[in-house]
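Asks: Just passing along the structure, written as structure tokens.
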Amino acid sequence: MATDDQDCPEVRLGALREGGLAPAIMALIERGVQQRPDQARALRLEVELQLEDIYPPVRIVFGDDGVLVEDGPAAAPGLRISGSLPDLAAMMVAPTLGGVPSPMNSRGRAAIGLFTSRRVRIQGRVGALRSFVSLIRL
């Protein structure tokens with residue numbers, strides 16, 4: 001775990017919408033950035049989390065100047081993850097193996113089931129998904 005905040009990219013909150021989850025997602029992203037700053041610095045990606053519930057989408061941009069998290073759709077996402085809030089949370093807590101949910105663990109198998117049943121849908125490169133999931137895992 002990184003202990004020096006100067007080594008970590010800055011995570012900042014952008015535009016907010018009523019009922020949006022950007023502040024909560026920012027906390028998760030910030031935790032991942034603090035634990036894995038090298039990985040966060042290397043990531044260049046725009047992510048859109050589309051929540052099937054009543055929440056607006058969340059846009060996350062990993063760039064040269066840090067990480068921006070805000071409510072609203074992404075302009076040109078390299079990765080779009082769609083699903084319900086509980087299903088996305090289950091994906092975040094699943095143990096990973098090589099950046100994907102581990103089939104050797106019941107929570108990992110449950111997360112794999114979310115993808116195969118299409119309860120969680122992914123659009124984008126598998127490598128982008130692996131990098132993002134390994135950064136935000138809890």
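Ordering of the structure tokens sets the chain letters (A, B, ...); residue numbers start at 1 within each chain; ligands are numbered from 1 in the order shown.
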So which residues touch segment 108-124 of chain A within 6 Å, counting only C-alpha atoms, skipping near sequence neighbours fewer than 2 positions away, as a PDB file with N, CA and C atoms, in the first residue's frame?
Replies:
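Result saved to out16.pdb:
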ATOM      1  N   GLY A  78     -13.539   4.023 -23.371  1.00  0.00           N
ATOM      2  CA  GLY A  78     -12.814   2.841 -23.805  1.00  0.00           C
ATOM      3  C   GLY A  78     -13.354   1.610 -23.117  1.00  0.00           C
ATOM      4  N   LEU A  79     -14.136   1.837 -22.056  1.00  0.00           N
ATOM      5  CA  LEU A  79     -14.738   0.749 -21.298  1.00  0.00           C
ATOM      6  C   LEU A  79     -16.081   1.224 -20.764  1.00  0.00           C
ATOM      7  N   ARG A  80     -17.116   0.445 -21.026  1.00  0.00           N
ATOM      8  CA  ARG A  80     -18.449   0.735 -20.474  1.00  0.00           C
ATOM      9  C   ARG A  80     -18.906  -0.519 -19.731  1.00  0.00           C
ATOM     10  N   ILE A  81     -19.260  -0.331 -18.466  1.00  0.00           N
ATOM     11  CA  ILE A  81     -19.743  -1.429 -17.631  1.00  0.00           C
ATOM     12  C   ILE A  81     -21.168  -1.086 -17.230  1.00  0.00           C
ATOM     13  N   SER A  82     -22.096  -1.992 -17.527  1.00  0.00           N
ATOM     14  CA  SER A  82     -23.513  -1.771 -17.235  1.00  0.00           C
ATOM     15  C   SER A  82     -24.024  -2.859 -16.310  1.00  0.00           C
ATOM     16  N   GLY A  83     -24.842  -2.468 -15.357  1.00  0.00           N
ATOM     17  CA  GLY A  83     -25.459  -3.425 -14.454  1.00  0.00           C
ATOM     18  C   GLY A  83     -26.115  -2.716 -13.294  1.00  0.00           C
ATOM     19  N   MET A  91     -18.968  -7.364  -8.174  1.00  0.00           N
ATOM     20  CA  MET A  91     -17.798  -7.467  -9.049  1.00  0.00           C
ATOM     21  C   MET A  91     -16.566  -6.861  -8.375  1.00  0.00           C
ATOM     22  N   ALA A  94     -15.058  -9.217  -5.572  1.00  0.00           N
ATOM     23  CA  ALA A  94     -14.644 -10.562  -5.966  1.00  0.00           C
ATOM     24  C   ALA A  94     -13.119 -10.645  -6.026  1.00  0.00           C
ATOM     25  N   PRO A  95     -12.546 -11.702  -5.466  1.00  0.00           N
ATOM     26  CA  PRO A  95     -11.101 -11.901  -5.601  1.00  0.00           C
ATOM     27  C   PRO A  95     -10.748 -12.084  -7.076  1.00  0.00           C
ATOM     28  N   PRO A 101     -12.188 -12.027 -12.247  1.00  0.00           N
ATOM     29  CA  PRO A 101     -12.663 -12.762 -11.076  1.00  0.00           C
ATOM     30  C   PRO A 101     -12.110 -14.183 -11.049  1.00  0.00           C
ATOM     31  N   SER A 102     -11.686 -14.604  -9.873  1.00  0.00           N
ATOM     32  CA  SER A 102     -11.066 -15.920  -9.705  1.00  0.00           C
ATOM     33  C   SER A 102     -12.107 -17.026  -9.650  1.00  0.00           C
ATOM     34  N   PRO A 103     -11.979 -18.036 -10.510  1.00  0.00           N
ATOM     35  CA  PRO A 103     -12.918 -19.152 -10.454  1.00  0.00           C
ATOM     36  C   PRO A 103     -12.645 -20.094  -9.284  1.00  0.00           C
ATOM     37  N   ASN A 105     -12.699 -19.222  -6.166  1.00  0.00           N
ATOM     38  CA  ASN A 105     -13.332 -18.663  -4.987  1.00  0.00           C
ATOM     39  C   ASN A 105     -14.818 -18.499  -5.273  1.00  0.00           C
ATOM     40  N   SER A 106     -15.669 -18.725  -4.291  1.00  0.00           N
ATOM     41  CA  SER A 106     -17.118 -18.636  -4.529  1.00  0.00           C
ATOM     42  C   SER A 106     -17.553 -17.237  -4.953  1.00  0.00           C
TER      43      SER A 106
END
Asks: Can you tell me which residues surround Ala42 of chain A at a distance of at most 9 Å, considering only C-alpha atoms, apart from same-chain residues fewer than 5 positions away, and format the answer as an NGL selection string?
Replies: :A and (37 or 62-64)
Asks: Pick out each residue of chain A that DSSP on the backbone tags as helix (DSSP H, G or I); I need them as a PyMOL selection string.
Replies: chain A and resi 5-7+22-35+37-42+85-93+106-116+126-136
Asks: If we count only C-alpha atoms, what is near Met26 of chain A at a cut-off of 10 Å, once residues fewer than 2 positions away on the same chain are taken out, given as a ChimeraX atom specification?
Replies: /A:11-14,21-24,28-32,58,60,67-70
Asks: Generate the output file for the selected residues, all heavy atoms, as a tab-separated table (two decimals), in the first residue's frame.
Replies:
chain	number	residue	atom	x	y	z
A	11	VAL	N	-7.08	12.40	-7.37
A	11	VAL	CA	-8.43	11.98	-7.73
A	11	VAL	C	-9.34	13.14	-7.38
A	11	VAL	O	-9.37	13.59	-6.24
A	11	VAL	CB	-8.84	10.69	-6.97
A	11	VAL	CG1	-10.25	10.28	-7.36
A	11	VAL	CG2	-7.85	9.57	-7.23
A	12	ARG	N	-10.08	13.63	-8.37
A	12	ARG	CA	-10.94	14.79	-8.11
A	12	ARG	C	-12.36	14.53	-8.60
A	12	ARG	O	-12.59	13.74	-9.50
A	12	ARG	CB	-10.35	16.05	-8.71
A	12	ARG	CG	-10.20	16.05	-10.18
A	12	ARG	CD	-9.37	17.25	-10.67
A	12	ARG	NE	-9.35	17.30	-12.10
A	12	ARG	CZ	-8.67	16.50	-12.89
A	12	ARG	NH1	-7.94	15.55	-12.36
A	12	ARG	NH2	-8.73	16.61	-14.19
A	13	LEU	N	-13.26	15.24	-7.97
A	13	LEU	CA	-14.68	15.13	-8.26
A	13	LEU	C	-15.06	16.20	-9.27
A	13	LEU	O	-14.70	17.37	-9.11
A	13	LEU	CB	-15.47	15.30	-6.96
A	13	LEU	CG	-16.91	14.88	-6.91
A	13	LEU	CD1	-17.09	13.42	-7.30
A	13	LEU	CD2	-17.46	15.11	-5.51
A	14	GLY	N	-15.78	15.81	-10.31
A	14	GLY	CA	-16.24	16.75	-11.33
A	14	GLY	C	-17.70	17.08	-11.14
A	14	GLY	O	-18.19	17.23	-10.01
A	21	LEU	N	-23.99	9.00	-8.06
A	21	LEU	CA	-23.10	8.21	-7.20
A	21	LEU	C	-21.63	8.59	-7.34
A	21	LEU	O	-20.78	7.90	-6.78
A	21	LEU	CB	-23.26	6.72	-7.52
A	21	LEU	CG	-24.61	6.11	-7.18
A	21	LEU	CD1	-24.68	4.68	-7.66
A	21	LEU	CD2	-24.85	6.18	-5.68
A	22	ALA	N	-21.31	9.65	-8.07
A	22	ALA	CA	-19.91	10.01	-8.29
A	22	ALA	C	-19.12	10.14	-6.98
A	22	ALA	O	-17.99	9.63	-6.91
A	22	ALA	CB	-19.80	11.28	-9.12
A	23	PRO	N	-19.65	10.77	-5.92
A	23	PRO	CA	-18.86	10.85	-4.68
A	23	PRO	C	-18.53	9.47	-4.09
A	23	PRO	O	-17.42	9.25	-3.62
A	23	PRO	CB	-19.75	11.67	-3.73
A	23	PRO	CG	-20.60	12.49	-4.64
A	23	PRO	CD	-20.88	11.60	-5.82
A	24	ALA	N	-19.47	8.54	-4.13
A	24	ALA	CA	-19.22	7.20	-3.59
A	24	ALA	C	-18.22	6.45	-4.47
A	24	ALA	O	-17.31	5.79	-3.96
A	24	ALA	CB	-20.53	6.42	-3.49
A	28	LEU	N	-14.11	4.90	-3.81
A	28	LEU	CA	-13.57	3.60	-4.21
A	28	LEU	C	-12.34	3.77	-5.11
A	28	LEU	O	-11.33	3.08	-4.94
A	28	LEU	CB	-14.63	2.78	-4.95
A	28	LEU	CG	-15.85	2.37	-4.14
A	28	LEU	CD1	-16.90	1.76	-5.05
A	28	LEU	CD2	-15.46	1.41	-3.05
A	29	ILE	N	-12.46	4.69	-6.04
A	29	ILE	CA	-11.34	4.95	-6.97
A	29	ILE	C	-10.14	5.48	-6.19
A	29	ILE	O	-9.00	5.05	-6.39
A	29	ILE	CB	-11.76	5.95	-8.07
A	29	ILE	CG1	-12.89	5.39	-8.92
A	29	ILE	CG2	-10.56	6.37	-8.91
A	29	ILE	CD1	-12.54	4.22	-9.78
A	30	GLU	N	-10.39	6.41	-5.28
A	30	GLU	CA	-9.31	7.00	-4.49
A	30	GLU	C	-8.58	5.94	-3.67
A	30	GLU	O	-7.36	5.93	-3.58
A	30	GLU	CB	-9.87	8.10	-3.59
A	30	GLU	CG	-8.84	9.01	-3.01
A	30	GLU	CD	-9.47	10.26	-2.43
A	30	GLU	OE1	-10.52	10.15	-1.76
A	30	GLU	OE2	-8.91	11.34	-2.66
A	31	ARG	N	-9.33	5.03	-3.10
A	31	ARG	CA	-8.73	3.93	-2.33
A	31	ARG	C	-7.82	3.08	-3.22
A	31	ARG	O	-6.71	2.74	-2.87
A	31	ARG	CB	-9.82	3.08	-1.71
A	31	ARG	CG	-9.29	1.93	-0.88
A	31	ARG	CD	-10.47	1.10	-0.33
A	31	ARG	NE	-10.00	0.01	0.48
A	31	ARG	CZ	-9.61	-1.18	0.00
A	31	ARG	NH1	-9.62	-1.40	-1.30
A	31	ARG	NH2	-9.21	-2.13	0.81
A	32	GLY	N	-8.32	2.74	-4.41
A	32	GLY	CA	-7.53	1.95	-5.34
A	32	GLY	C	-6.28	2.67	-5.81
A	32	GLY	O	-5.21	2.08	-5.91
A	58	VAL	N	-21.90	7.18	-14.35
A	58	VAL	CA	-20.72	7.80	-13.74
A	58	VAL	C	-19.58	7.70	-14.75
A	58	VAL	O	-19.33	6.64	-15.31
A	58	VAL	CB	-20.33	7.10	-12.42
A	58	VAL	CG1	-19.05	7.69	-11.85
A	58	VAL	CG2	-21.46	7.20	-11.41
A	60	ILE	N	-15.52	8.15	-15.44
A	60	ILE	CA	-14.22	8.13	-14.77
A	60	ILE	C	-13.16	8.27	-15.84
A	60	ILE	O	-13.14	7.49	-16.80
A	60	ILE	CB	-14.02	6.81	-14.00
A	60	ILE	CG1	-15.19	6.55	-13.05
A	60	ILE	CG2	-12.69	6.83	-13.24
A	60	ILE	CD1	-15.34	5.12	-12.64
A	67	VAL	N	-7.10	11.63	-11.95
A	67	VAL	CA	-8.33	10.88	-12.20
A	67	VAL	C	-9.51	11.80	-11.92
A	67	VAL	O	-9.58	12.42	-10.85
A	67	VAL	CB	-8.42	9.62	-11.31
A	67	VAL	CG1	-9.66	8.81	-11.65
A	67	VAL	CG2	-7.16	8.77	-11.45
A	68	LEU	N	-10.42	11.87	-12.86
A	68	LEU	CA	-11.64	12.65	-12.72
A	68	LEU	C	-12.81	11.69	-12.60
A	68	LEU	O	-12.95	10.76	-13.40
A	68	LEU	CB	-11.86	13.55	-13.94
A	68	LEU	CG	-13.19	14.29	-14.03
A	68	LEU	CD1	-13.28	15.36	-12.93
A	68	LEU	CD2	-13.37	14.90	-15.41
A	69	VAL	N	-13.66	11.92	-11.58
A	69	VAL	CA	-14.86	11.11	-11.38
A	69	VAL	C	-16.04	12.07	-11.34
A	69	VAL	O	-16.03	13.03	-10.55
A	69	VAL	CB	-14.79	10.30	-10.06
A	69	VAL	CG1	-16.04	9.44	-9.90
A	69	VAL	CG2	-13.53	9.46	-10.01
A	70	GLU	N	-17.04	11.83	-12.18
A	70	GLU	CA	-18.20	12.73	-12.21
A	70	GLU	C	-19.44	12.00	-12.67
A	70	GLU	O	-19.36	10.94	-13.30
A	70	GLU	CB	-17.92	13.94	-13.10
A	70	GLU	CG	-17.70	13.64	-14.56
A	70	GLU	CD	-17.32	14.88	-15.35
A	70	GLU	OE1	-17.32	15.99	-14.78
A	70	GLU	OE2	-17.03	14.74	-16.54
Asks: As an exercise, work out the distance from atom CA of Arg130 of chain A to atom CA of Ala15 of chain A in Å and give it to one decimal place.
Replies: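 Separating atom CA of Arg130 of chain A from atom CA of Ala15 of chain A is a distance of 26.5 Å.
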Asks: Which of these, A:Arg125, A:Ala76, A:Leu45, A:Arg137, has the shortest distance to Met92 of chain A once you count only C-alpha atoms?
Replies: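 For Met92 of chain A, the nearest of the candidates is A:Arg137.
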Asks: Using only C-alpha atoms, which of the listed residues (A:Gly72, A:Gly66, A:Gly98, A:Pro77) sits closest to Glu18 of chain A?
Replies: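 Under the stated criterion, the closest residue is A:Gly72.
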Asks: Among chain A, which ones does DSSP assign to strand (DSSP E or B) (computed from the backbone)? Answer as a ChimeraX atom specification.
Replies: /A:11-13,45-51,58-63,66-71,79-83,96-97,100-101,121-124
Asks: Using only C-alpha atoms, please write the residues we just selected to a file, as a PDB file, in the first residue's frame.
Replies:
ATOM      1  CA  VAL A  11      -8.428  11.979  -7.733  1.00  0.00           C
ATOM      2  CA  ARG A  12     -10.936  14.789  -8.112  1.00  0.00           C
ATOM      3  CA  LEU A  13     -14.683  15.129  -8.263  1.00  0.00           C
ATOM      4  CA  LEU A  45      -8.825   5.251 -19.997  1.00  0.00           C
ATOM      5  CA  GLU A  46     -12.290   6.761 -19.959  1.00  0.00           C
ATOM      6  CA  VAL A  47     -14.800   4.507 -18.186  1.00  0.00           C
ATOM      7  CA  GLU A  48     -18.565   4.790 -18.013  1.00  0.00           C
ATOM      8  CA  LEU A  49     -20.503   2.959 -15.324  1.00  0.00           C
ATOM      9  CA  GLN A  50     -24.117   2.628 -16.421  1.00  0.00           C
ATOM     10  CA  LEU A  51     -26.299   1.725 -13.485  1.00  0.00           C
ATOM     11  CA  VAL A  58     -20.719   7.795 -13.740  1.00  0.00           C
ATOM     12  CA  ARG A  59     -17.781   8.911 -15.884  1.00  0.00           C
ATOM     13  CA  ILE A  60     -14.217   8.129 -14.768  1.00  0.00           C
ATOM     14  CA  VAL A  61     -11.239   9.492 -16.675  1.00  0.00           C
ATOM     15  CA  PHE A  62      -7.704   8.281 -15.956  1.00  0.00           C
ATOM     16  CA  GLY A  63      -5.354  10.796 -17.552  1.00  0.00           C
ATOM     17  CA  GLY A  66      -4.913  12.476 -12.434  1.00  0.00           C
ATOM     18  CA  VAL A  67      -8.334  10.883 -12.205  1.00  0.00           C
ATOM     19  CA  LEU A  68     -11.645  12.652 -12.717  1.00  0.00           C
ATOM     20  CA  VAL A  69     -14.862  11.111 -11.378  1.00  0.00           C
ATOM     21  CA  GLU A  70     -18.201  12.728 -12.208  1.00  0.00           C
ATOM     22  CA  ASP A  71     -21.859  12.056 -12.814  1.00  0.00           C
ATOM     23  CA  LEU A  79     -14.738   0.749 -21.298  1.00  0.00           C
ATOM     24  CA  ARG A  80     -18.449   0.735 -20.474  1.00  0.00           C
ATOM     25  CA  ILE A  81     -19.743  -1.429 -17.631  1.00  0.00           C
ATOM     26  CA  SER A  82     -23.513  -1.771 -17.235  1.00  0.00           C
ATOM     27  CA  GLY A  83     -25.459  -3.425 -14.454  1.00  0.00           C
ATOM     28  CA  THR A  96      -9.205 -11.669  -8.871  1.00  0.00           C
ATOM     29  CA  LEU A  97      -6.664 -13.778 -10.663  1.00  0.00           C
ATOM     30  CA  VAL A 100     -10.409 -11.139 -13.699  1.00  0.00           C
ATOM     31  CA  PRO A 101     -12.663 -12.762 -11.076  1.00  0.00           C
ATOM     32  CA  ARG A 121     -22.371  -6.162 -19.459  1.00  0.00           C
ATOM     33  CA  ILE A 122     -18.998  -4.999 -20.706  1.00  0.00           C
ATOM     34  CA  GLN A 123     -18.169  -3.002 -23.816  1.00  0.00           C
ATOM     35  CA  GLY A 124     -14.495  -2.423 -24.473  1.00  0.00           C
TER      36      GLY A 124
END
Asks: Separation of atom CA of Pro86 of chain A and atom CA of Asp53 of chain A, in Å?
Replies: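 These two atoms are separated by 9.7 Å.
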Asks: Which residue out of A:Pro9, A:Gly99, A:Gly127, A:Gly19 has the minimum interatomic distance to Pro56 of chain A when only C-alpha atoms are used?
Replies: A:Gly19
Asks: Can you pull out every residue within 12 Å of Asp38 of chain A, counting only C-alpha atoms, but drop anything in the same chain fewer than 3 positions away, and send it as a ChimeraX atom specification?
Replies: /A:1-2,6-9,32-35,41-43,66,131,135
Asks: Any chance you can output those residues with all heavy atoms as a tab-separated table (two decimals), in the first residue's frame?
Replies:
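Written out: part_33.tsv:
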chain	number	residue	atom	x	y	z
A	1	MET	N	0.85	-1.18	0.00
A	1	MET	CA	0.00	0.00	0.00
A	1	MET	C	0.89	1.23	0.00
A	1	MET	O	1.86	1.30	0.71
A	1	MET	CB	-0.92	-0.01	1.22
A	1	MET	CG	-1.80	1.22	1.29
A	1	MET	SD	-2.81	1.31	2.77
A	1	MET	CE	-4.14	0.28	2.26
A	2	ALA	N	0.52	2.22	-0.79
A	2	ALA	CA	1.28	3.46	-0.84
A	2	ALA	C	1.03	4.25	0.43
A	2	ALA	O	-0.08	4.33	0.92
A	2	ALA	CB	0.87	4.29	-2.06
A	6	GLN	N	1.99	11.92	-2.17
A	6	GLN	CA	2.58	12.59	-3.30
A	6	GLN	C	2.88	11.62	-4.44
A	6	GLN	O	3.03	12.03	-5.58
A	6	GLN	CB	3.84	13.35	-2.87
A	6	GLN	CG	3.49	14.50	-1.94
A	6	GLN	CD	4.67	15.40	-1.70
A	6	GLN	OE1	5.68	15.32	-2.36
A	6	GLN	NE2	4.53	16.29	-0.74
A	7	ASP	N	2.99	10.35	-4.14
A	7	ASP	CA	3.20	9.34	-5.17
A	7	ASP	C	1.92	9.01	-5.92
A	7	ASP	O	1.97	8.40	-6.97
A	7	ASP	CB	3.75	8.04	-4.56
A	7	ASP	CG	5.18	8.19	-4.07
A	7	ASP	OD1	5.86	9.15	-4.48
A	7	ASP	OD2	5.60	7.34	-3.28
A	8	CYS	N	0.78	9.38	-5.36
A	8	CYS	CA	-0.51	9.01	-5.92
A	8	CYS	C	-1.03	10.07	-6.87
A	8	CYS	O	-0.96	11.27	-6.58
A	8	CYS	CB	-1.54	8.83	-4.81
A	8	CYS	SG	-1.15	7.49	-3.69
A	9	PRO	N	-1.60	9.65	-8.00
A	9	PRO	CA	-2.29	10.63	-8.85
A	9	PRO	C	-3.44	11.27	-8.09
A	9	PRO	O	-4.05	10.64	-7.23
A	9	PRO	CB	-2.81	9.78	-10.00
A	9	PRO	CG	-2.00	8.54	-9.99
A	9	PRO	CD	-1.62	8.31	-8.56
A	32	GLY	N	-8.32	2.74	-4.41
A	32	GLY	CA	-7.53	1.95	-5.34
A	32	GLY	C	-6.28	2.67	-5.81
A	32	GLY	O	-5.21	2.08	-5.91
A	33	VAL	N	-6.41	3.97	-6.06
A	33	VAL	CA	-5.26	4.78	-6.49
A	33	VAL	C	-4.21	4.84	-5.39
A	33	VAL	O	-3.01	4.74	-5.65
A	33	VAL	CB	-5.73	6.19	-6.92
A	33	VAL	CG1	-4.56	7.15	-7.06
A	33	VAL	CG2	-6.51	6.10	-8.23
A	34	GLN	N	-4.65	4.97	-4.14
A	34	GLN	CA	-3.71	5.02	-3.03
A	34	GLN	C	-3.00	3.69	-2.82
A	34	GLN	O	-1.83	3.65	-2.48
A	34	GLN	CB	-4.42	5.45	-1.74
A	34	GLN	CG	-4.81	6.90	-1.75
A	34	GLN	CD	-5.67	7.29	-0.56
A	34	GLN	OE1	-6.11	6.45	0.22
A	34	GLN	NE2	-5.94	8.58	-0.43
A	35	GLN	N	-3.71	2.59	-3.05
A	35	GLN	CA	-3.12	1.27	-2.86
A	35	GLN	C	-2.24	0.85	-4.03
A	35	GLN	O	-1.30	0.10	-3.86
A	35	GLN	CB	-4.20	0.22	-2.63
A	35	GLN	CG	-4.89	0.37	-1.31
A	35	GLN	CD	-5.89	-0.74	-1.06
A	35	GLN	OE1	-6.46	-1.30	-1.98
A	35	GLN	NE2	-6.09	-1.05	0.21
A	41	ARG	N	-1.27	5.49	-12.34
A	41	ARG	CA	-0.53	6.42	-13.20
A	41	ARG	C	-0.42	5.90	-14.63
A	41	ARG	O	-0.43	6.67	-15.58
A	41	ARG	CB	0.87	6.67	-12.64
A	41	ARG	CG	0.95	7.84	-11.69
A	41	ARG	CD	2.40	8.24	-11.43
A	41	ARG	NE	3.17	7.16	-10.83
A	41	ARG	CZ	3.15	6.83	-9.54
A	41	ARG	NH1	2.39	7.50	-8.71
A	41	ARG	NH2	3.89	5.84	-9.08
A	42	ALA	N	-0.30	4.60	-14.80
A	42	ALA	CA	-0.12	4.00	-16.12
A	42	ALA	C	-1.43	3.91	-16.91
A	42	ALA	O	-1.40	3.78	-18.13
A	42	ALA	CB	0.50	2.62	-15.99
A	43	LEU	N	-2.55	3.99	-16.25
A	43	LEU	CA	-3.85	3.80	-16.90
A	43	LEU	C	-4.27	5.07	-17.65
A	43	LEU	O	-4.29	6.15	-17.08
A	43	LEU	CB	-4.89	3.42	-15.84
A	43	LEU	CG	-6.21	2.84	-16.30
A	43	LEU	CD1	-6.00	1.61	-17.18
A	43	LEU	CD2	-7.05	2.46	-15.10
A	66	GLY	N	-4.21	13.10	-13.54
A	66	GLY	CA	-4.91	12.48	-12.43
A	66	GLY	C	-6.17	11.77	-12.89
A	66	GLY	O	-6.30	11.39	-14.05
A	131	SER	N	-7.45	-4.02	-16.14
A	131	SER	CA	-6.75	-2.93	-15.45
A	131	SER	C	-7.67	-2.19	-14.51
A	131	SER	O	-7.31	-1.88	-13.38
A	131	SER	CB	-6.16	-1.95	-16.47
A	131	SER	OG	-5.18	-2.58	-17.26
A	135	LEU	N	-7.70	-2.29	-10.29
A	135	LEU	CA	-7.48	-1.04	-9.57
A	135	LEU	C	-8.56	-0.79	-8.52
A	135	LEU	O	-8.28	-0.33	-7.43
A	135	LEU	CB	-7.40	0.14	-10.54
A	135	LEU	CG	-7.12	1.49	-9.91
A	135	LEU	CD1	-5.68	1.55	-9.42
A	135	LEU	CD2	-7.39	2.60	-10.90
Asks: Take atom CA of Ala75 of chain A and atom CA of Arg44 of chain A and report the distance between them in Å, one decimal.
Replies: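 Distance reported for this atom pair: 14.3 Å.
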